[in-house]
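Below is data12.csv, holding CSV, C-alpha atoms.
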```csv
chain,number,residue,atom,x,y,z
B,283,MET,CA,55.8,2.3,13.4
B,284,LYS,CA,52.8,1.1,15.3
B,285,ILE,CA,50.8,4.0,14.1
B,286,ARG,CA,51.8,3.5,10.5
B,287,ARG,CA,50.8,-0.2,10.7
B,288,LEU,CA,47.4,0.9,12.1
B,289,LEU,CA,46.9,3.4,9.3
B,290,LEU,CA,47.9,0.8,6.8
B,291,THR,CA,45.4,-1.7,8.2
B,292,ALA,CA,42.7,0.9,8.2
B,293,LEU,CA,43.5,1.8,4.6
B,294,ALA,CA,43.4,-1.9,3.6
B,295,ALA,CA,40.1,-2.3,5.4
B,296,CYS,CA,38.7,0.6,3.4
B,297,LEU,CA,40.0,-0.8,0.1
B,298,LEU,CA,39.0,-4.4,0.7
B,299,GLY,CA,35.7,-4.0,2.4
B,300,GLY,CA,34.5,-1.1,0.2
B,301,ALA,CA,32.9,1.2,2.7
B,302,ALA,CA,34.0,0.4,6.2
B,303,PRO,CA,32.2,3.2,8.0
B,304,ALA,CA,32.6,3.9,11.6
B,305,PRO,CA,30.0,1.8,13.4
B,306,ALA,CA,27.1,4.3,13.6
B,307,SER,CA,24.7,3.9,16.5
B,308,PRO,CA,21.1,3.0,15.6
B,309,GLU,CA,20.2,6.4,17.1
B,310,ALA,CA,22.5,8.2,14.8
B,311,ASP,CA,21.1,6.2,11.9
B,312,ARG,CA,17.6,7.2,12.8
B,313,THR,CA,18.4,10.8,13.1
B,314,ALA,CA,20.1,10.8,9.7
B,315,PHE,CA,17.2,8.8,8.2
B,316,GLN,CA,14.5,11.1,9.5
B,317,ALA,CA,16.5,14.2,8.5
B,318,PHE,CA,16.7,12.9,4.9
B,319,PHE,CA,12.9,12.7,4.6
B,320,LYS,CA,12.3,16.0,6.4
B,321,ASP,CA,14.7,17.6,4.0
B,322,ARG,CA,13.2,15.8,1.0
B,323,PHE,CA,9.6,16.7,1.9
B,324,PRO,CA,9.9,20.1,3.7
B,325,GLN,CA,6.1,20.7,3.3
B,326,THR,CA,5.1,17.5,5.1
B,327,PRO,CA,4.6,17.7,8.9
B,328,PHE,CA,6.5,15.0,10.7
B,329,ALA,CA,3.4,13.4,12.2
B,330,ASP,CA,1.9,13.1,8.7
B,331,PHE,CA,4.5,10.6,7.5
B,332,GLY,CA,2.3,7.8,8.7
B,333,ASN,CA,0.0,8.5,5.8
B,334,GLY,CA,2.4,7.3,3.2
B,335,PRO,CA,1.9,8.6,-0.3
B,336,TYR,CA,-0.9,10.9,0.8
B,337,ALA,CA,1.6,12.8,2.9
B,338,VAL,CA,3.6,13.9,-0.1
B,339,ASN,CA,1.1,14.2,-3.0
B,340,ALA,CA,-1.7,16.7,-2.8
B,341,PRO,CA,-4.0,15.3,-5.6
B,342,MET,CA,-3.8,11.8,-4.1
B,343,ARG,CA,-4.5,13.2,-0.7
B,344,LYS,CA,-7.7,14.7,-1.9
B,345,GLN,CA,-9.0,11.4,-3.3
B,346,TRP,CA,-8.0,9.7,-0.2
B,347,GLU,CA,-9.9,12.1,2.0
B,348,GLU,CA,-13.0,11.2,0.0
B,349,ILE,CA,-12.3,7.5,0.4
B,350,MET,CA,-11.9,8.1,4.1
B,351,GLN,CA,-15.4,9.3,4.5
B,352,PHE,CA,-16.2,5.6,4.0
B,353,PRO,CA,-13.1,3.6,4.7
B,354,PRO,CA,-13.0,0.3,2.9
B,355,TYR,CA,-11.4,-1.4,5.9
B,356,ASP,CA,-14.5,-0.8,8.0
B,357,PHE,CA,-15.8,-4.4,7.6
B,358,ALA,CA,-12.5,-5.9,8.6
B,359,LEU,CA,-12.3,-3.6,11.6
B,360,ASP,CA,-15.6,-4.9,12.8
B,361,GLU,CA,-14.6,-8.5,12.2
B,362,GLY,CA,-11.4,-7.9,14.1
B,363,LYS,CA,-13.0,-6.3,17.1
B,364,THR,CA,-15.5,-9.2,17.4
B,365,ALA,CA,-12.7,-11.8,17.1
B,366,PHE,CA,-10.5,-9.9,19.6
B,367,GLU,CA,-13.3,-9.9,22.1
B,368,THR,CA,-14.3,-13.5,21.6
B,369,LYS,CA,-12.9,-15.9,24.1
B,370,PHE,CA,-10.8,-19.0,23.1
B,371,ALA,CA,-12.1,-22.5,23.9
B,372,ASN,CA,-10.1,-22.4,27.2
B,373,GLY,CA,-11.9,-19.2,28.4
B,374,LYS,CA,-9.0,-16.9,27.8
B,375,SER,CA,-8.7,-14.3,25.1
B,376,TYR,CA,-6.1,-12.2,23.1
B,377,ALA,CA,-6.3,-9.6,25.8
B,378,ASP,CA,-4.7,-12.1,28.3
B,379,CYS,CA,-1.6,-12.4,26.1
B,380,PHE,CA,-0.7,-8.7,25.8
B,381,PRO,CA,0.2,-5.8,28.1
B,382,SER,CA,-2.6,-3.3,28.6
B,383,ARG,CA,-5.0,-6.2,27.6
B,384,GLY,CA,-3.9,-5.6,24.0
B,385,ILE,CA,-5.3,-2.1,23.7
B,386,GLY,CA,-3.1,0.8,22.5
B,387,ILE,CA,0.1,-1.2,22.1
B,388,ARG,CA,0.6,-1.5,18.4
B,389,GLN,CA,3.3,1.2,18.5
B,390,THR,CA,5.6,-1.0,20.6
B,391,PHE,CA,5.8,-3.7,18.0
B,392,PRO,CA,7.9,-5.3,16.7
B,393,TYR,CA,10.1,-5.7,19.9
B,394,PHE,CA,13.2,-7.6,20.5
B,395,ASP,CA,12.7,-10.5,22.9
B,396,THR,CA,15.8,-10.8,25.0
B,397,LYS,CA,14.8,-14.2,26.2
B,398,THR,CA,14.5,-15.9,22.8
B,399,GLY,CA,16.9,-13.5,21.1
B,400,GLU,CA,14.6,-12.7,18.2
B,401,VAL,CA,12.4,-10.0,16.9
B,402,VAL,CA,8.7,-10.5,17.7
B,403,THR,CA,6.1,-8.8,15.5
B,404,LEU,CA,2.5,-8.2,16.4
B,405,ASP,CA,1.4,-10.9,13.9
B,406,LEU,CA,3.7,-13.4,15.4
B,407,ALA,CA,2.7,-12.6,18.9
B,408,ILE,CA,-1.0,-13.1,17.9
B,409,ASN,CA,-0.3,-16.5,16.6
B,410,ARG,CA,1.9,-17.5,19.6
B,411,CYS,CA,-1.0,-16.4,21.8
B,412,ARG,CA,-3.3,-18.6,19.9
B,413,VAL,CA,-1.0,-21.6,20.0
B,414,ALA,CA,-0.4,-21.1,23.7
B,415,ASN,CA,-4.1,-21.2,24.3
B,416,GLY,CA,-4.6,-24.4,22.2
B,417,GLU,CA,-6.0,-22.6,19.1
B,418,ALA,CA,-4.7,-23.2,15.5
B,419,PRO,CA,-2.5,-20.4,14.3
B,420,LEU,CA,-4.0,-18.0,11.7
B,421,LYS,CA,-2.8,-17.7,8.2
B,422,TYR,CA,-0.5,-14.7,7.7
B,423,GLN,CA,-0.9,-11.9,5.2
B,424,THR,CA,-4.7,-11.7,4.8
B,425,GLY,CA,-8.1,-12.5,6.3
B,426,MET,CA,-8.5,-12.7,10.1
B,427,MET,CA,-4.9,-11.8,10.8
B,428,ALA,CA,-5.4,-8.6,9.0
B,429,SER,CA,-8.7,-7.9,10.8
B,430,ILE,CA,-7.3,-8.5,14.3
B,431,THR,CA,-4.2,-6.4,13.7
B,432,ALA,CA,-6.5,-3.7,12.2
B,433,TYR,CA,-8.5,-3.5,15.4
B,434,MET,CA,-5.3,-3.5,17.5
B,435,SER,CA,-3.9,-0.7,15.4
B,436,GLU,CA,-7.1,1.3,15.5
B,437,THR,CA,-6.9,1.3,19.3
B,438,SER,CA,-3.3,2.6,19.0
B,439,ARG,CA,-4.0,5.4,16.6
B,440,GLY,CA,-2.0,8.6,17.3
B,441,LYS,CA,0.5,6.8,19.5
B,442,PRO,CA,4.0,7.4,18.2
B,443,PHE,CA,6.2,4.4,17.3
B,444,ALA,CA,8.2,3.6,20.4
B,445,ILE,CA,10.6,0.8,19.3
B,446,GLU,CA,13.5,0.1,21.6
B,447,ILE,CA,16.8,-1.6,20.9
B,448,PRO,CA,17.7,-3.3,24.2
B,449,ASP,CA,21.3,-3.3,25.3
B,450,ASP,CA,21.9,-6.8,23.8
B,451,PRO,CA,24.3,-7.5,21.0
B,452,ARG,CA,21.7,-9.8,19.4
B,453,ALA,CA,19.2,-6.9,19.3
B,454,ARG,CA,21.8,-4.7,17.6
B,455,ALA,CA,22.6,-7.5,15.2
B,456,ALA,CA,18.9,-7.8,14.3
B,457,PHE,CA,18.7,-4.1,13.6
B,458,GLU,CA,21.8,-4.2,11.5
B,459,GLU,CA,20.4,-7.2,9.5
B,460,GLY,CA,17.2,-5.3,8.8
B,461,LYS,CA,19.3,-2.3,7.7
B,462,LYS,CA,21.3,-4.4,5.4
B,463,PHE,CA,18.2,-5.9,3.9
B,464,PHE,CA,16.7,-2.5,3.3
B,465,TYR,CA,19.7,-1.2,1.4
B,466,SER,CA,20.7,-4.4,-0.4
B,467,ARG,CA,19.8,-4.8,-4.1
B,468,ARG,CA,18.0,-8.0,-5.1
B,469,GLY,CA,15.9,-9.6,-7.8
B,470,GLN,CA,16.1,-9.4,-11.5
B,471,LEU,CA,15.4,-5.6,-11.5
B,472,ASN,CA,18.3,-5.1,-9.1
B,473,PHE,CA,16.3,-2.9,-6.8
B,474,SER,CA,16.7,-2.4,-3.0
B,475,CYS,CA,13.9,-1.2,-0.7
B,476,ALA,CA,15.7,2.1,-0.6
B,477,SER,CA,15.7,2.5,-4.4
B,478,CYS,CA,12.0,3.2,-4.3
B,479,HIS,CA,11.2,4.2,-0.8
B,480,ALA,CA,14.2,6.5,-0.1
B,481,SER,CA,16.0,7.9,-3.1
B,482,SER,CA,12.8,7.9,-5.4
B,483,SER,CA,10.2,8.4,-2.7
B,484,GLY,CA,7.4,10.7,-3.7
B,485,GLN,CA,8.0,10.0,-7.4
B,486,ARG,CA,5.8,8.0,-9.7
B,487,MET,CA,6.3,4.4,-10.5
B,488,ARG,CA,3.9,4.1,-13.4
B,489,GLY,CA,0.6,5.1,-11.8
B,490,ASP,CA,1.7,4.8,-8.2
B,491,ILE,CA,3.4,7.3,-5.9
B,492,LEU,CA,6.2,5.7,-4.0
B,493,ALA,CA,5.7,6.2,-0.3
B,494,PRO,CA,8.6,7.5,1.9
B,495,ALA,CA,10.1,4.7,4.0
B,496,LEU,CA,9.7,7.0,7.1
B,497,GLY,CA,6.5,5.9,8.8
B,498,ILE,CA,5.7,3.4,6.0
B,499,LEU,CA,4.5,0.7,8.4
B,500,ALA,CA,2.4,3.0,10.6
B,501,ALA,CA,-0.7,2.5,8.5
B,502,PHE,CA,-0.7,-1.3,8.5
B,503,PRO,CA,-2.7,-3.4,8.0
B,504,ILE,CA,-4.0,-1.8,4.8
B,505,TYR,CA,-6.9,-2.2,2.5
B,506,ARG,CA,-5.2,-2.0,-0.9
B,507,SER,CA,-7.4,-1.3,-3.8
B,508,ASP,CA,-5.1,-3.3,-6.1
B,509,TRP,CA,-5.6,-6.3,-3.8
B,510,GLY,CA,-9.3,-5.6,-3.3
B,511,SER,CA,-8.8,-6.8,0.3
B,512,MET,CA,-6.9,-6.3,3.5
B,513,GLY,CA,-3.2,-7.2,3.8
B,514,THR,CA,-0.6,-7.2,6.6
B,515,ILE,CA,3.0,-6.1,6.5
B,516,ASP,CA,3.9,-9.6,5.4
B,517,ARG,CA,1.7,-9.3,2.4
B,518,ARG,CA,3.2,-6.0,1.5
B,519,PHE,CA,6.8,-7.3,1.9
B,520,THR,CA,6.1,-10.4,-0.3
B,521,THR,CA,4.4,-8.2,-2.9
B,522,CYS,CA,7.3,-5.8,-2.9
B,523,SER,CA,9.7,-8.7,-3.3
B,524,SER,CA,7.8,-10.1,-6.4
B,525,GLN,CA,7.5,-6.6,-7.9
B,526,MET,CA,11.3,-6.4,-7.8
B,527,ARG,CA,11.3,-9.9,-9.3
B,528,ALA,CA,13.0,-11.3,-6.3
B,529,GLU,CA,12.0,-14.5,-4.6
B,530,PRO,CA,9.5,-13.6,-1.8
B,531,LEU,CA,10.4,-14.9,1.6
B,532,PRO,CA,8.0,-16.9,3.7
B,533,PRO,CA,5.8,-14.7,5.9
B,534,GLN,CA,7.4,-13.9,9.2
B,535,ASP,CA,10.8,-15.1,8.0
B,536,ILE,CA,13.4,-13.7,10.4
B,537,ARG,CA,14.7,-11.5,7.6
B,538,TYR,CA,11.3,-9.8,7.1
B,539,ARG,CA,11.0,-9.5,10.9
B,540,ASN,CA,14.4,-7.8,11.1
B,541,LEU,CA,13.4,-5.5,8.3
B,542,GLU,CA,10.2,-4.6,10.1
B,543,TYR,CA,12.3,-4.0,13.3
B,544,PHE,CA,14.6,-1.7,11.4
B,545,LEU,CA,11.9,0.3,9.6
B,546,SER,CA,9.8,0.7,12.7
B,547,TYR,CA,12.8,1.9,14.8
B,548,MET,CA,13.7,4.4,12.1
B,549,SER,CA,10.1,5.7,12.2
B,550,ASN,CA,10.1,6.2,16.0
B,551,GLY,CA,8.0,9.2,16.8
B,552,VAL,CA,5.6,8.8,13.8
B,553,PRO,CA,2.1,8.2,15.1
B,554,ILE,CA,0.3,5.0,14.2
B,555,THR,CA,-2.4,5.6,11.6
B,556,GLY,CA,-3.5,2.0,10.9
B,557,PRO,CA,-5.6,0.5,9.6
B,558,GLY,CA,-5.0,2.4,6.4
B,559,THR,CA,-6.1,2.4,2.8
B,560,ARG,CA,-3.8,2.5,-0.2
B,561,PRO,CA,-4.3,2.5,-4.0
K,254,MET,CA,-23.3,-11.1,12.2
K,255,ALA,CA,-22.9,-7.5,11.7
K,256,SER,CA,-24.9,-5.9,8.8
K,257,THR,CA,-23.4,-6.0,5.4
K,258,ILE,CA,-24.6,-2.5,4.8
K,259,ARG,CA,-23.1,0.8,5.9
K,260,VAL,CA,-25.0,4.0,5.2
K,261,ARG,CA,-24.4,7.6,5.8
K,262,ALA,CA,-27.2,10.0,4.8
K,263,GLN,CA,-26.9,13.7,5.4
K,264,ALA,CA,-29.9,15.9,5.0
K,265,GLY,CA,-29.1,19.4,3.5
K,266,SER,CA,-31.4,22.3,3.0
K,267,THR,CA,-33.0,21.0,-0.2
K,268,SER,CA,-31.5,17.6,-0.7
K,269,THR,CA,-30.0,14.6,1.0
K,270,GLU,CA,-26.7,13.1,0.2
K,271,VAL,CA,-26.4,9.4,0.6
K,272,GLN,CA,-23.3,7.2,0.7
K,273,ALA,CA,-23.5,3.5,1.2
K,274,LEU,CA,-21.0,0.6,1.2
K,275,ILE,CA,-22.1,-3.0,0.8
K,276,GLN,CA,-20.1,-6.0,1.7
K,277,HIS,CA,-20.5,-8.5,-1.1
K,278,PRO,CA,-18.1,-10.8,-3.1
K,279,MET,CA,-19.6,-9.7,-6.4
K,280,ASP,CA,-18.2,-12.7,-8.2
K,281,SER,CA,-18.7,-12.2,-11.9
K,282,GLY,CA,-18.7,-15.9,-12.9
K,283,PHE,CA,-15.8,-15.4,-15.3
K,284,VAL,CA,-13.0,-15.8,-12.7
K,285,LYS,CA,-11.2,-19.1,-11.9
K,286,ASP,CA,-10.0,-20.1,-8.5
K,287,SER,CA,-6.5,-21.4,-7.7
K,288,ASP,CA,-7.6,-24.9,-8.8
K,289,GLY,CA,-8.7,-23.7,-12.2
K,290,LYS,CA,-12.4,-24.1,-11.5
K,291,LEU,CA,-14.8,-21.3,-12.4
K,292,ILE,CA,-16.1,-19.3,-9.4
K,293,PRO,CA,-19.9,-19.3,-10.0
K,294,PRO,CA,-21.5,-15.9,-10.4
K,295,HIS,CA,-22.6,-14.3,-7.2
K,296,HIS,CA,-23.5,-10.7,-7.5
K,297,ILE,CA,-26.0,-8.2,-6.3
K,298,GLU,CA,-28.8,-7.6,-8.8
K,299,THR,CA,-30.9,-4.9,-7.2
K,300,VAL,CA,-30.3,-2.3,-4.6
K,301,THR,CA,-33.1,0.0,-3.4
K,302,PHE,CA,-33.2,3.0,-1.2
K,303,VAL,CA,-36.6,3.9,0.3
K,304,HIS,CA,-37.3,7.2,2.0
K,305,GLY,CA,-40.7,7.7,3.6
K,306,GLY,CA,-42.3,4.9,1.6
K,307,LYS,CA,-41.0,6.3,-1.7
K,308,THR,CA,-38.2,4.6,-3.6
K,309,VAL,CA,-35.6,7.2,-4.2
K,310,LEU,CA,-33.1,5.0,-6.0
K,311,THR,CA,-33.1,1.6,-7.6
K,312,ALA,CA,-29.9,0.3,-9.0
K,313,ASN,CA,-29.7,-2.7,-11.3
K,314,TRP,CA,-26.2,-4.1,-10.8
K,315,GLY,CA,-24.5,-6.9,-12.7
K,316,PRO,CA,-21.3,-8.8,-12.8
K,317,ALA,CA,-19.3,-5.8,-13.8
K,318,VAL,CA,-19.6,-4.1,-10.4
K,319,SER,CA,-16.6,-4.7,-8.2
K,320,LYS,CA,-16.4,-6.3,-4.8
K,321,ASP,CA,-17.7,-4.5,-1.8
K,322,PRO,CA,-19.5,-1.8,-3.9
K,323,TYR,CA,-19.8,1.8,-2.9
K,324,ILE,CA,-22.6,4.1,-4.0
K,325,LYS,CA,-23.1,7.8,-3.6
K,326,PHE,CA,-26.1,9.8,-4.8
K,327,SER,CA,-28.5,12.5,-3.6
K,328,PHE,CA,-32.2,13.0,-3.7
K,329,ALA,CA,-34.5,16.0,-3.2
K,330,GLY,CA,-36.0,16.5,0.2
K,331,GLY,CA,-35.3,14.6,3.4
K,332,ALA,CA,-35.0,15.9,6.9
K,333,LYS,CA,-32.9,15.0,9.8
K,334,GLY,CA,-34.3,12.0,11.7
K,335,ASP,CA,-36.1,10.5,8.7
K,336,GLU,CA,-35.7,6.9,8.0
K,337,LEU,CA,-34.0,5.5,4.9
K,338,VAL,CA,-34.3,1.8,4.2
K,339,VAL,CA,-31.6,0.1,2.1
K,340,THR,CA,-32.1,-3.3,0.6
K,341,TRP,CA,-30.1,-5.5,-1.7
K,342,ILE,CA,-30.9,-8.8,-3.4
K,343,ASP,CA,-28.4,-10.9,-5.2
K,344,ASN,CA,-28.7,-13.5,-7.9
K,345,LEU,CA,-28.8,-16.4,-5.4
K,346,GLY,CA,-31.8,-14.8,-3.7
K,347,LYS,CA,-29.8,-13.7,-0.7
K,348,THR,CA,-30.8,-10.3,0.8
K,349,ASP,CA,-30.0,-7.9,3.5
K,350,THR,CA,-31.7,-4.7,4.6
K,351,LEU,CA,-30.8,-1.9,6.9
K,352,THR,CA,-32.8,1.1,8.2
K,353,ALA,CA,-30.7,4.2,8.7
K,354,LYS,CA,-31.5,7.6,10.1
K,355,LEU,CA,-30.8,10.8,8.2
K,356,THR,CA,-28.3,13.1,10.0
```
Turn the structure described in the file into structure tokens.
Amino acid sequence: MKIRRLLLTALAACLLGGAAPAPASPEADRTAFQAFFKDRFPQTPFADFGNGPYAVNAPMRKQWEEIMQFPPYDFALDEGKTAFETKFANGKSYADCFPSRGIGIRQTFPYFDTKTGEVVTLDLAINRCRVANGEAPLKYQTGMMASITAYMSETSRGKPFAIEIPDDPRARAAFEEGKKFFYSRRGQLNFSCASCHASSSGQRMRGDILAPALGILAAFPIYRSDWGSMGTIDRRFTTCSSQMRAEPLPPQDIRYRNLEYFLSYMSNGVPITGPGTRP
Amino acid sequence: MASTIRVRAQAGSTSTEVQALIQHPMDSGFVKDSDGKLIPPHHIETVTFVHGGKTVLTANWGPAVSKDPYIKFSFAGGAKGDELVVTWIDNLGKTDTLTAKLT
């Protein structure tokens, strides 16, 4: 009797809630996610997924290799290095806000802050560092924020993404929120992130090759030829949103941060390649 | 302020291959800003590459050249260690110059 009721409840849950899958662990999610892309792109070495579309399209890779003889982000990188090494008015600098003095730590961002119960991205940490030292926060998306993250990424090149989900229900919830965002359809075109970057990854969207979601954030910030300038993850997310004809969220909105947390965790093991260049 | 010019010049057996990237807004004068006002023209007019006192390339650029322009060319001769002087002048009379060594 008891068993029958249980079965019925389970059946009802399946019918009502659509898919009510057994709660997979983030680790199982990651293994399945990475296996999907390894299977989809058997020619691509795992470490190469940080190179986005160039990892899966040979002609584009050739053009990119020529561009990389003279990377267009060079000027931003220099600007970022100078800014990073310049002291604030109070005599402190960015290095004082980060572990390892801010060098070679990009792969650990975003992280879940168990004190405040939220996801902290590198961009957010930079602005919090500025505010804590009496400086005005930087504008997100472009300009100096992109330059400083470019320098911090450059010092972390080759280090594999090492995102942790601490044993905290809020951290797990943030991950699940990011996952939900990634797979949810939105906007007038009714696309999800996954429509392009998972099930259609490697294919053409008009003139562009859709980058695989695995390792897609490893190259940020990027110099995007279409923008003609540098842009951060926020700039990419808002651009993606408007391309799907969805309302873009404000930069560093908690939903974007959770998405970044999810994507970075799923890419654990893919080396940082940023700053990058994209068409 | 770091230089606005990046140059890489590689001397081969008979010729030298030069690549350069210049940081410049290259405003055409036809684009409006977010307030609807025209952004005045501000673009490079002349770029010169001088090797051993001899001008190996002069480029006359205009508003059609895009932001942060990149140029690649080669010239006959040139040996490792030679100097190559790159200079640009824009329509506002601003200029920058850089001396690079051939590698």
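Taking only C-alpha atoms, the non-local environment of Met434 (chain B) within 7 Å (same-chain residues fewer than 4 positions away omitted) comprises Gly384, Ile385, Gly386, Arg388, Ile430 and Ser438 of chain B.
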How would the residues just picked look written out with C-alpha atoms as an mmCIF file, in the frame of the given file?
```
data_model
loop_
_atom_site.group_PDB
_atom_site.id
_atom_site.type_symbol
_atom_site.label_atom_id
_atom_site.label_comp_id
_atom_site.auth_asym_id
_atom_site.auth_seq_id
_atom_site.Cartn_x
_atom_site.Cartn_y
_atom_site.Cartn_z
ATOM 1 C CA GLY B 384 -3.900 -5.600 24.000
ATOM 2 C CA ILE B 385 -5.300 -2.100 23.700
ATOM 3 C CA GLY B 386 -3.100 0.800 22.500
ATOM 4 C CA ARG B 388 0.600 -1.500 18.400
ATOM 5 C CA ILE B 430 -7.300 -8.500 14.300
ATOM 6 C CA SER B 438 -3.300 2.600 19.000
#
```
With a distance cut-off of 6 Å and all atoms listed in the file, select the neighbouring residues of region 517-520 of chain B, excluding the residue or stretch itself and same-chain residues fewer than 4 positions from it, and output the selection as a short mmCIF file (atom, residue, chain, number, x, y, z; two decimals) with C-alpha atoms, in the frame of the given file.
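The result, stored in around_33.cif:
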```cif
data_model
loop_
_atom_site.label_atom_id
_atom_site.label_comp_id
_atom_site.auth_asym_id
_atom_site.auth_seq_id
_atom_site.Cartn_x
_atom_site.Cartn_y
_atom_site.Cartn_z
CA GLN B 423 -0.90 -11.90 5.20
CA GLY B 513 -3.20 -7.20 3.80
CA PRO B 530 9.50 -13.60 -1.80
#
```
Within 6 Å of region 300-314 of chain K using all atoms listed in the file, minus same-chain residues under 5 positions, as a list in words: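 So the residues in contact are Leu337, Val338, Val339, Thr340 and Trp341 of chain K.
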Would you kindly return, as an MDAnalysis selection string, each protein, DNA or RNA residue with an atom no farther than 9 Å from any atom of Val402 (chain B), considering only C-alpha atoms and excluding same-chain residues fewer than 2 positions away? chainID B and resid 391:395 400 404:407 539 543
Using all atoms listed in the file, I'd like every residue of chain K that has an atom within 12 Å of chain B; please write them out as a list in words. Met254, Ala255, Ser256, Thr257, Ile258, Arg259, Val260, Arg261, Ala262, Val271, Gln272, Ala273, Leu274, Ile275, Gln276, His277, Pro278, Met279, Ser319, Lys320, Asp321, Pro322, Tyr323, Ile324 and Lys325 of chain K
May I have the residues within 10 Å of region 371-378 of chain B as a PyMOL selection string, using all atoms listed in the file and disregarding those fewer than 2 positions away in the same chain? chain B and resi 365-369+380-385+407-409+411-412+415-417+430
When distances are computed from only C-alpha atoms, which of K:Lys290, K:Gly334, K:Ser281, K:Thr299 shows the smallest separation from Pro316 (chain K)? K:Ser281
Students should find that CA of Tyr505 (chain B) and CA of Gly489 (chain B) are spaced 17.7 Å
